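Encoded as structure tokens, the structure appears first; notes follow it.
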Amino acid sequence: MGGPDPARRILITGVANFWGVGLARALLADPEVEQVVGVDTRTPPRDVAEGITWIAADLRVQELRTAIRAAAVDAIVHTDIPQFPEPGRAARQLHDLTVMGTLQLLAAAGDLPTLRTLVVRGSASIYGSEAAAPAFLTEEMTLQPGATRFQRDLGEIEKLVDGLARRRRDVTCTVLRLQPVIGVRLDNPITRLLRAPVVPVMLGFDPRVQVLHEDDSIAVLHHALRNPVAGAVNVAGPGTISLNAAIRRMGRPAVPVPHPLFGAVAGAARRFGLPPLSEDTIRYLRYGRGVALERMTNELGFTPRYDTPGAIDAVAAELRKADVA
Amino acid sequence: MIGRLRTILSPPAEEDAWGYDPRFVRAFQPFLDVLYDRWWRVTATGAEHVPSAGRALIAANHAGVVPWDGAMIGTAVRRHVGRDARALVLNWAFELPWASTAIRRGGGVPASPANARRLLDEDHLVMVFPEGAKGISKPYSDRYRLERFGRGGFVATALRTGAPIIPCAVVGSEEIHPKIAEAPGVAKLLGMPYLPITPTFPLLGPLGAVPLPSRWRIEFCPPVDLSAYGPDAASDRRLVLELSDAIREQIQAKVYENLIKREGAFL
């Protein structure tokens, strides 16, 4: 490939979230990196905050434009996109944060002459979960418009990235479509569900699921920064596993609930400490999702350390250790 | 027996990336064997035409309201060829509890060109019913008259992947649930593609779901090798339709031939 010079001055959005922190630490240890700029309204952990230039701002504020320009970054890693819609946050608020935030960021990026690389941590949720979906979705198989609000938001974000890629031919724009990331350090509806004392599943449904280990989810961001490819790339641990087999490996009891009652039961279970579930997650628990990984392997050249069953086993082992301690 | 039930009811212990679970298939097989040997007394011929390794596409006629024909072709292939055919299944089945899981663990996938192509590229044996829902839901008075083969998508997939097509004729499936009428209003209400009315269903309630013990014949024809056309021929609409029609006519002729050979439909 050869490619352009490696990025030296890098901007990370969402630098206080799981991926921002992980990537910032990896970049601070990378001798080729001169400066890391991080944007987040929340405070990153101390070691990160001390190593980077932290801009305590929301992506939607105008000051961001001047700050980005002053830093003269050559790469942007946009991690400030929720992997799941968090119920409890209004759909409109979520839309505002994700889509409007990305819009402002890409507008600022568009007239940044030094920029060469954009990496976006997208989500395989853009495909949704459909009964009749191909067993291995390839990157061009997105349905537009999506079935849920969150799918449509993700679609809009990718359209904005496409727009930038067309306007700025000198910038390589990569969207990584991550399958659900699981791990003990990470908090999202799927990890919370797998860690709950009992796991509600849909009676008679046992969907194929595909996941990515949390370590691999940070490694792929770093990898994409070094080997950017244009366009969307699916990212997951190879293979799939049926949900009930995954729950069994986790050592958690599965409680089958008839699917028409699932929403109501899941809602009632919140009072007993179970995580709230969004429409996207409920559909995922019914139909699952598998993606094709040819682009990840052949074009991005990334090999995850854990395949899907391996990631489940690794998290199960770590959880057991945590339970004993 | 208990062990088998446990395998069927518990989550898959071994499965491939498609969700196919060979242990589930083995645990379920004795039930299919009873249907094959005792209930429908299936005679299978031409199984030597089905390759024991490598990609191939079995294309069969579809009938009988409930798709038992797929399970019986699958059993014939397992017995005589020693491999599992992966069936392309009507998408609607994947909306259903239990059925969706059982079909997938048994090797079935939603019928789509993407799935068919990928399975064949991985050198699997794939089973397709080109008539689709039209075939399975046709009234008893139209029995053994094959429906249209749609746009011939299965031929395009075979051309793209270089897989030979094995035409397959099934006789007996039309008599298991003779459909005399339909209840489209109720079907729409329940979100079903069709709701059949047979002499026993819904009159006898759940008993009406028991298929009638017709006598079956399954014939596999010699493989049709399309590799000479090359993968680009898949976009030649006229060629695809011509090949699709030729295969349809061959299956139709074999269906008539086997109807004569069968003699009695039930005895």
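Within each chain, counting starts at residue 1; across the structure tokens, chains are named A, B, ... in the order shown, with ligands numbered 1 upward in that order.
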Residues of chain A within 9 Å of chain B, counting only C-alpha atoms, what are they? List them as a VMD selection string.
chain A and resid 130 to 137 202 to 208 238 to 246 248 258 to 259 286 to 287 290
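The nearest approach to B:Asp69 among the residues B:Arg55, B:Arg248, B:Arg26, B:Arg217, with only C-alpha atoms taken into account, belongs to B:Arg217.
Of the residues listed (A:Glu158, A:Asp313, A:Asp111, A:Glu63), A:Asp313 shows the shortest atom-to-atom separation from A:His213; distances use only C-alpha atoms.
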Filtered DSSP result for stretch 2-232 of chain B, state strand (DSSP E or B), as a VMD selection string:
chain B and resid 43 to 45 56 to 60 86 to 89 109 to 110 125 to 128 165 to 171 181 to 182 196 to 197 217 to 220 224
Within 12 Å of B:Asp37 using only C-alpha atoms, minus same-chain residues under 3 positions, as a PyMOL selection string:
chain B and resi 29-34+40-44+72+75-76+79+213-217
Could you save those same residues with N, CA and C atoms as a PDB file, in the first residue's frame?
ATOM      1  N   GLN B  29     -33.006 -36.916  13.850  1.00  0.00           N
ATOM      2  CA  GLN B  29     -33.124 -37.819  12.709  1.00  0.00           C
ATOM      3  C   GLN B  29     -34.065 -39.019  12.939  1.00  0.00           C
ATOM      4  N   PRO B  30     -34.055 -39.675  14.110  1.00  0.00           N
ATOM      5  CA  PRO B  30     -34.943 -40.846  14.285  1.00  0.00           C
ATOM      6  C   PRO B  30     -36.407 -40.526  14.010  1.00  0.00           C
ATOM      7  N   PHE B  31     -36.842 -39.331  14.364  1.00  0.00           N
ATOM      8  CA  PHE B  31     -38.216 -38.909  14.110  1.00  0.00           C
ATOM      9  C   PHE B  31     -38.459 -38.806  12.598  1.00  0.00           C
ATOM     10  N   LEU B  32     -37.487 -38.220  11.886  1.00  0.00           N
ATOM     11  CA  LEU B  32     -37.612 -38.110  10.429  1.00  0.00           C
ATOM     12  C   LEU B  32     -37.552 -39.494   9.781  1.00  0.00           C
ATOM     13  N   ASP B  33     -36.754 -40.394  10.387  1.00  0.00           N
ATOM     14  CA  ASP B  33     -36.640 -41.754   9.844  1.00  0.00           C
ATOM     15  C   ASP B  33     -37.978 -42.476   9.869  1.00  0.00           C
ATOM     16  N   VAL B  34     -38.740 -42.297  10.951  1.00  0.00           N
ATOM     17  CA  VAL B  34     -40.050 -42.936  11.051  1.00  0.00           C
ATOM     18  C   VAL B  34     -40.962 -42.415   9.940  1.00  0.00           C
ATOM     19  N   TRP B  40     -44.360 -42.419   5.129  1.00  0.00           N
ATOM     20  CA  TRP B  40     -44.455 -42.079   3.704  1.00  0.00           C
ATOM     21  C   TRP B  40     -43.788 -43.112   2.801  1.00  0.00           C
ATOM     22  N   ARG B  41     -43.100 -44.097   3.381  1.00  0.00           N
ATOM     23  CA  ARG B  41     -42.479 -45.199   2.621  1.00  0.00           C
ATOM     24  C   ARG B  41     -41.749 -44.682   1.365  1.00  0.00           C
ATOM     25  N   VAL B  42     -40.793 -43.785   1.612  1.00  0.00           N
ATOM     26  CA  VAL B  42     -40.118 -43.071   0.528  1.00  0.00           C
ATOM     27  C   VAL B  42     -39.218 -44.009  -0.283  1.00  0.00           C
ATOM     28  N   THR B  43     -39.320 -43.922  -1.608  1.00  0.00           N
ATOM     29  CA  THR B  43     -38.366 -44.581  -2.497  1.00  0.00           C
ATOM     30  C   THR B  43     -37.509 -43.480  -3.126  1.00  0.00           C
ATOM     31  N   ALA B  44     -36.199 -43.510  -2.871  1.00  0.00           N
ATOM     32  CA  ALA B  44     -35.316 -42.488  -3.458  1.00  0.00           C
ATOM     33  C   ALA B  44     -34.471 -43.127  -4.542  1.00  0.00           C
ATOM     34  N   MET B  72     -37.572 -34.497   3.869  1.00  0.00           N
ATOM     35  CA  MET B  72     -37.434 -35.837   3.276  1.00  0.00           C
ATOM     36  C   MET B  72     -36.290 -35.885   2.256  1.00  0.00           C
ATOM     37  N   THR B  75     -33.246 -36.050   4.288  1.00  0.00           N
ATOM     38  CA  THR B  75     -33.011 -37.398   4.835  1.00  0.00           C
ATOM     39  C   THR B  75     -32.439 -38.325   3.762  1.00  0.00           C
ATOM     40  N   ALA B  76     -33.006 -38.267   2.542  1.00  0.00           N
ATOM     41  CA  ALA B  76     -32.506 -39.115   1.446  1.00  0.00           C
ATOM     42  C   ALA B  76     -31.034 -38.816   1.183  1.00  0.00           C
ATOM     43  N   ARG B  79     -28.795 -40.158   3.989  1.00  0.00           N
ATOM     44  CA  ARG B  79     -28.659 -41.615   3.960  1.00  0.00           C
ATOM     45  C   ARG B  79     -27.777 -42.103   2.829  1.00  0.00           C
ATOM     46  N   PRO B 213     -50.724 -40.124   5.230  1.00  0.00           N
ATOM     47  CA  PRO B 213     -49.638 -41.057   4.891  1.00  0.00           C
ATOM     48  C   PRO B 213     -49.628 -41.447   3.418  1.00  0.00           C
ATOM     49  N   SER B 214     -49.308 -40.514   2.553  1.00  0.00           N
ATOM     50  CA  SER B 214     -49.211 -40.818   1.131  1.00  0.00           C
ATOM     51  C   SER B 214     -47.928 -41.620   0.868  1.00  0.00           C
ATOM     52  N   ARG B 215     -47.797 -42.185  -0.347  1.00  0.00           N
ATOM     53  CA  ARG B 215     -46.571 -42.914  -0.697  1.00  0.00           C
ATOM     54  C   ARG B 215     -45.693 -41.962  -1.521  1.00  0.00           C
ATOM     55  N   TRP B 216     -44.396 -41.911  -1.164  1.00  0.00           N
ATOM     56  CA  TRP B 216     -43.513 -40.913  -1.793  1.00  0.00           C
ATOM     57  C   TRP B 216     -42.473 -41.538  -2.694  1.00  0.00           C
ATOM     58  N   ARG B 217     -42.066 -40.761  -3.715  1.00  0.00           N
ATOM     59  CA  ARG B 217     -40.876 -41.081  -4.513  1.00  0.00           C
ATOM     60  C   ARG B 217     -40.049 -39.811  -4.675  1.00  0.00           C
TER      61      ARG B 217
END
How far is it from atom CA of A:Val48 to atom CA of A:Arg25, in Å with one decimal?
6.5 Å
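For B:Leu146, the non-local neighbours within 9 Å, defined as residues at least 4 positions apart in the same chain or in other chains and counting only C-alpha atoms, are Asn61, His62, Glu131, Gly135, Asp142, Arg248, Glu249, Ile251 and Gln252 of chain B.
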If you run DSSP on the backbone here, which positions in stretch 179-273 of chain A get helix (DSSP H, G or I)? Please write them as JSON, numbers by chain.
{"A": [189, 190, 191, 192, 193, 194, 195, 214, 215, 216, 217, 218, 219, 220, 221, 222, 223, 224, 225, 226, 243, 244, 245, 246, 247, 248, 249, 250, 259, 260, 261, 262, 263, 264, 265, 266, 267, 268, 269, 270, 271, 272]}
Written selection (C-alpha atoms) as a compact mmCIF listing (two decimals), in the first residue's frame:
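Output saved as again_6.txt:
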# COMPACT_ATOMS: atom_id res chain seq x y z
CA PRO A 189 -26.77 -2.92 27.24
CA ILE A 190 -25.33 -6.23 25.98
CA THR A 191 -22.58 -6.49 28.60
CA ARG A 192 -25.00 -5.45 31.32
CA LEU A 193 -27.47 -8.05 30.12
CA LEU A 194 -24.84 -10.80 30.05
CA ARG A 195 -23.73 -9.81 33.56
CA GLU A 214 -13.13 -4.78 24.09
CA ASP A 215 -9.34 -5.04 23.58
CA ASP A 216 -9.85 -5.68 19.87
CA SER A 217 -12.23 -2.70 19.64
CA ILE A 218 -9.42 -0.37 20.72
CA ALA A 219 -6.79 -2.18 18.66
CA VAL A 220 -8.85 -1.77 15.50
CA LEU A 221 -9.09 2.02 15.98
CA HIS A 222 -5.31 2.23 16.30
CA HIS A 223 -4.87 -0.12 13.33
CA ALA A 224 -7.25 1.90 11.12
CA LEU A 225 -5.37 5.08 11.97
CA ARG A 226 -2.17 3.48 10.67
CA LEU A 243 -27.33 -16.35 22.13
CA ASN A 244 -28.33 -19.18 24.46
CA ALA A 245 -24.98 -20.90 24.01
CA ALA A 246 -23.24 -17.60 24.84
CA ILE A 247 -25.34 -17.13 27.99
CA ARG A 248 -24.59 -20.71 29.02
CA ARG A 249 -20.84 -20.11 28.62
CA MET A 250 -21.26 -17.02 30.78
CA HIS A 259 -41.82 -12.47 22.58
CA PRO A 260 -45.08 -10.48 22.58
CA LEU A 261 -44.62 -9.89 26.32
CA PHE A 262 -40.90 -9.23 26.15
CA GLY A 263 -41.04 -5.43 26.16
CA ALA A 264 -43.44 -5.36 29.12
CA VAL A 265 -41.48 -7.95 31.13
CA ALA A 266 -38.15 -6.26 30.42
CA GLY A 267 -39.71 -2.96 31.52
CA ALA A 268 -40.99 -4.47 34.78
CA ALA A 269 -37.65 -6.20 35.40
CA ARG A 270 -35.94 -2.80 35.53
CA ARG A 271 -37.25 -2.46 39.06
CA PHE A 272 -35.20 -5.50 40.01
Hey, what's within 6 Å of A:Gly183 if we count only C-alpha atoms and toss same-chain stuff fewer than 2 positions away? As a PyMOL selection string, please?
chain A and resi 185-186+214+315
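Note that atom CA of B:Gly108 and atom CA of B:Arg23 are 14.7 Å apart.
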Residues within 9 Å of B:Arg262, please, as a list of chain:residue names. Count only C-alpha atoms; anything in the same chain fewer than 2 positions from it doesn't count.
B:Val171, B:Gly172, B:Arg215, B:Trp216, B:Arg217, B:Glu257, B:Asn258, B:Leu259, B:Ile260, B:Gly264, B:Ala265
